[in-house]
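Peer 1: Have a look at this one before I ask anything.
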Amino acid sequence: MTSQQAPGSWTNWARNQTADPLRRAAPRDTDELAQTVRRAADDGLHVRAVGAGHSFTGAAVTDGLLLSLDHLQTVEDVTRTETGARVTVGAGIRLHRLNEVLASAGLAMRNLGDIDRQSIAGAISTGTHGTGASLGGLATQVRGVRVVGADGSVTEATPEQDPDLFEASRLGLGSTGVLAAVTLDVVPAFHLRAQEEPWPLDRVLEELSTASGGRGGGSDAEGLENAHDHFEFYWFPHTRRALTKRNDRLGPDDEASASLRTARGERPGAVTRARAWVDEELLSNGAFEVINRLATAVPRATPRINALSARALAPRTYVAPSHEVFVSPRRVRFREMEYAVPRAELVNVLEEIDAWVRASGENVPFPVEVRFAAADDVWLSTAHGRESAYVAVHQYLRLPHERYFEGVEKIVAGVGGRPHWGKLHTLGAEDLAERYPRFEDFRRVRAQADPGGVFANPYTDQVFGPR
Ligand SMILES: Cc1cc2nc3c(=O)[nH]c(=O)nc-3n(C[C@H](O)[C@H](O)[C@H](O)COP(=O)(O)OP(=O)(O)OC[C@H]3O[C@@H](n4cnc5c(N)ncnc54)[C@H](O)[C@@H]3O)c2cc1C
């Protein structure tokens, strides 16, 4: 059976990136993947893999061979460890499927982002993250990668075996080769108590720790972002209102009763269906689409619309398995830019964005999302070596985003902000080299792994320099 697919145009989720590859293929296993890559390289084609196409940048775009790893979704191995398990999965597995498989084995990812549509390879390759002041992004949970090189070689890289290739491949935009499998450290399944509550923005900023630029004098340990396992907030531009989300892991006693009730089909402390619908639809989906269309038709009404939206949100508390709390559907399409900034700069950055929005006359119906991560040691992680806060700005797909994003990008540039590798930004290799202490190490490994530039595309040329 052939896995070649008819060539044709490819478009990403946000509909701002397209590709017209000469070839497309969806190999059925690692051997076929290796042969397909080698053949394309011998024919002088560029090669890129695509996951779910959820990057806003041209990360997956190619003019040569575009690979789908949709057939590589198997769970190859689950080895129990003292802290949970080590799980090896096909690189194309989608996060929602991975979460199901893990849950059925009594396991879970330690942390996740907002959605679960991505492939594991795509998610780690761009540094996808969730929130948690003491936690890292998905790439920090990776313990091994199987990399297919341009010559069709297959290398198992781990922190012990081929450590440089491991580092450059667990977060490297697929620039060292195509990932065929990923090994993850996962934890025993757990429940989260989710508390969502609208707060005045000033209260949020006051209760952040001083290490996050908080003004209320809360000690570093006491600050809001440290007091909860997963804290984030959405600030509604043109207003001083925010929706806070405080998610906390249940203790062993609560966990036992939550598991029992879930097993019986009960939802402990579950939010009512109607309330959940109102909040989810208002912030992310059906009603939010209407709100955005209204703001597009009558831009000057945006501040009033945002004020009404922020007021319409009501507090809710519920308990659910972790992956159900972390992720939610996102049906309204948008464009996004997200920068990691040093945590101490967070409050100043937000105040500057607020001032810019007010002075510029720009209308922004989408909330600004703020999240947290611990410092980590992944070479190209946006949180490499520093405690970070993420500031994500979005614009509805039918509205121009350029001026707003440019305004915000100037603000975060002043504090050494690092852009999410999968979200819009304008930085090039020279700017990024200054922001990543291990950038040259990454470029050295990339040059060794792909001397002919088979895995390059215009976006990797922009951010890493041309091969
Ligand atoms: C609605 C929405 C919500 C989002 N929420 C979050 C969030 O909460 N947190 C966050 O950090 N990000 C978030 N993102 C960004 C998203 O997680 C990343 O862009 C991620 O890369 C998308 O995964 P994907 O499978 O779609 O990868 P793609 O976009 O398809 O690919 C991303 C990169 O990975 C490479 N790649 C894919 N597969 C392989 C492979 N097998 N081997 C080598 N390289 C490969 C591609 O070539 C490309 O360079 C969101 C995006 C959207 C659209």
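Going by the structure tokens order, chains are called A, B, ..., each with residues numbered from 1, while ligands are numbered from 1 in the order shown.
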Can you pull out every residue within 12 Å of Arg358 of chain A, counting only C-alpha atoms, but drop anything in the same chain fewer than 2 positions away, and send it as a list of chain:residue names?

Peer 2: A:Pro237, A:His238, A:Thr239, A:Arg240, A:Thr302, A:Pro303, A:Glu351, A:Glu352, A:Ile353, A:Asp354, A:Ala355, A:Trp356, A:Ser360, A:Gly361, A:Glu362, A:Asn363, A:Val364, A:Tyr404, A:Gly407

Peer 1: So that each row is one residue of chain A with an atom at most 7 Å from ligand 1, can you give its shortest atom pair and the distance in Å to one decimal, using only C-alpha atoms and all ligand atoms, rows by chain and rising number, as CSV?

Peer 2:
```
residue,atom,partner,partner_atom_place_in_ligand_line,distance
A:Trp13,CA,ligand 1,53 (C),6.0
A:Ala14,CA,ligand 1,53 (C),6.4
A:Arg48,CA,ligand 1,47 (O),5.0
A:Ala49,CA,ligand 1,47 (O),4.5
A:Val50,CA,ligand 1,30 (O),3.9
A:Gly51,CA,ligand 1,30 (O),3.4
A:Ala52,CA,ligand 1,26 (O),3.4
A:Gly53,CA,ligand 1,30 (O),3.4
A:His54,CA,ligand 1,26 (O),3.5
A:Ser55,CA,ligand 1,19 (O),3.3
A:Phe56,CA,ligand 1,19 (O),6.3
A:Ala59,CA,ligand 1,49 (O),3.8
A:Ala60,CA,ligand 1,47 (O),3.8
A:Leu69,CA,ligand 1,41 (N),6.0
A:Ala91,CA,ligand 1,41 (N),5.2
A:Gly92,CA,ligand 1,41 (N),5.9
A:Gly113,CA,ligand 1,8 (O),3.5
A:Asp114,CA,ligand 1,8 (O),3.7
A:Ile115,CA,ligand 1,5 (N),5.3
A:Gln118,CA,ligand 1,25 (O),3.7
A:Ser119,CA,ligand 1,25 (O),3.7
A:Ile120,CA,ligand 1,25 (O),6.3
A:Ala121,CA,ligand 1,38 (N),4.6
A:Gly122,CA,ligand 1,27 (O),3.4
A:Ala123,CA,ligand 1,20 (C),4.0
A:Ile124,CA,ligand 1,21 (O),6.8
A:Ser125,CA,ligand 1,34 (O),4.8
A:Thr126,CA,ligand 1,21 (O),4.7
A:Gly127,CA,ligand 1,11 (O),6.0
A:Thr128,CA,ligand 1,11 (O),3.1
A:His129,CA,ligand 1,11 (O),3.9
A:Gly130,CA,ligand 1,9 (N),5.4
A:Leu173,CA,ligand 1,49 (O),4.0
A:Gly174,CA,ligand 1,44 (N),3.4
A:Gly177,CA,ligand 1,43 (C),6.1
A:Val178,CA,ligand 1,42 (N),3.7
A:Leu179,CA,ligand 1,42 (N),3.7
A:Ala180,CA,ligand 1,41 (N),5.7
A:Arg330,CA,ligand 1,1 (C),5.4
A:His420,CA,ligand 1,11 (O),7.0
A:Gly422,CA,ligand 1,19 (O),4.0
A:Lys423,CA,ligand 1,19 (O),6.3
```

Peer 1: Give me the residues within 10 Å of segment 209-212 of chain A as a ChimeraX atom specification, counting only C-alpha atoms and dropping any in the same chain fewer than 3 places off.

Peer 2: /A:205-206,215-227,342-348,372,387-389

Peer 1: Taking only C-alpha atoms into account, which of A:Glu207, A:Glu76, A:Asp450, A:Asp162 comes nearest Thr183 of chain A?

Peer 2: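 Checking each of A:Glu207, A:Glu76, A:Asp450, A:Asp162 against Thr183 of chain A, counting only C-alpha atoms, the winner is A:Glu76.
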
Peer 1: Residues of segment 275-397 of chain A in strand (DSSP E) according to DSSP, as number ranges by chain?

Peer 2: A: 316-321, 334-342, 368-373, 388-396

Peer 1: So that I have them on file, write out the residues from the current selection with C-alpha atoms, as a PDB file, in the first residue's frame.

Peer 2:
```pdb
ATOM      1  CA  ARG A 316     -17.374  28.836  39.182  1.00  0.00           C
ATOM      2  CA  THR A 317     -15.612  26.017  40.974  1.00  0.00           C
ATOM      3  CA  TYR A 318     -15.421  22.417  39.872  1.00  0.00           C
ATOM      4  CA  VAL A 319     -13.317  19.298  40.155  1.00  0.00           C
ATOM      5  CA  ALA A 320     -12.335  17.168  37.173  1.00  0.00           C
ATOM      6  CA  PRO A 321      -9.499  14.990  35.832  1.00  0.00           C
ATOM      7  CA  PHE A 334      -7.658  34.199  15.703  1.00  0.00           C
ATOM      8  CA  ARG A 335      -4.044  35.264  15.209  1.00  0.00           C
ATOM      9  CA  GLU A 336      -1.719  35.186  18.171  1.00  0.00           C
ATOM     10  CA  MET A 337       1.627  36.487  19.343  1.00  0.00           C
ATOM     11  CA  GLU A 338       3.051  35.344  22.682  1.00  0.00           C
ATOM     12  CA  TYR A 339       6.219  36.430  24.429  1.00  0.00           C
ATOM     13  CA  ALA A 340       7.935  35.009  27.493  1.00  0.00           C
ATOM     14  CA  VAL A 341       9.195  37.859  29.658  1.00  0.00           C
ATOM     15  CA  PRO A 342      11.265  37.770  32.867  1.00  0.00           C
ATOM     16  CA  VAL A 368      -4.770  39.036  26.842  1.00  0.00           C
ATOM     17  CA  GLU A 369      -3.732  35.713  28.395  1.00  0.00           C
ATOM     18  CA  VAL A 370      -1.064  35.655  31.114  1.00  0.00           C
ATOM     19  CA  ARG A 371       0.637  32.438  32.257  1.00  0.00           C
ATOM     20  CA  PHE A 372       3.686  31.367  34.273  1.00  0.00           C
ATOM     21  CA  ALA A 373       6.535  28.863  33.991  1.00  0.00           C
ATOM     22  CA  SER A 388       9.040  33.467  33.108  1.00  0.00           C
ATOM     23  CA  ALA A 389       5.637  34.982  32.570  1.00  0.00           C
ATOM     24  CA  TYR A 390       3.911  34.553  29.230  1.00  0.00           C
ATOM     25  CA  VAL A 391       1.950  37.431  27.728  1.00  0.00           C
ATOM     26  CA  ALA A 392      -0.211  36.315  24.796  1.00  0.00           C
ATOM     27  CA  VAL A 393      -2.037  38.817  22.605  1.00  0.00           C
ATOM     28  CA  HIS A 394      -4.692  37.689  20.159  1.00  0.00           C
ATOM     29  CA  GLN A 395      -6.659  39.331  17.406  1.00  0.00           C
ATOM     30  CA  TYR A 396      -9.808  38.056  15.729  1.00  0.00           C
TER      31      TYR A 396
END
```

Peer 1: From the options A:Gln448, A:Gly58, A:Leu399, A:Val101, which residue's atoms come nearest to Pro299 of chain A, counting only C-alpha atoms?

Peer 2: A:Leu399

Peer 1: Find the residues near Thr244 of chain A: any atom within 9 Å, counting only C-alpha atoms, skip ones fewer than 3 places away on the same chain, and give them as number ranges by chain.

Peer 2: A: 195-199, 204, 231-235

Peer 1: Out of A:Pro365, A:Arg311, A:Arg39, A:Gly214, which residue has the shortest atom-to-atom distance to Arg398 of chain A when counting only C-alpha atoms?

Peer 2: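 When distances to Arg398 of chain A are compared using only C-alpha atoms, the smallest one comes from A:Pro365.
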
Peer 1: Using only C-alpha atoms, determine which residues lie at most 10 Å from Gly44 of chain A, disregarding the query and same-chain residues fewer than 3 positions distant; provide the list as number ranges by chain.

Peer 2: A: 38-41, 47, 64, 452, 454
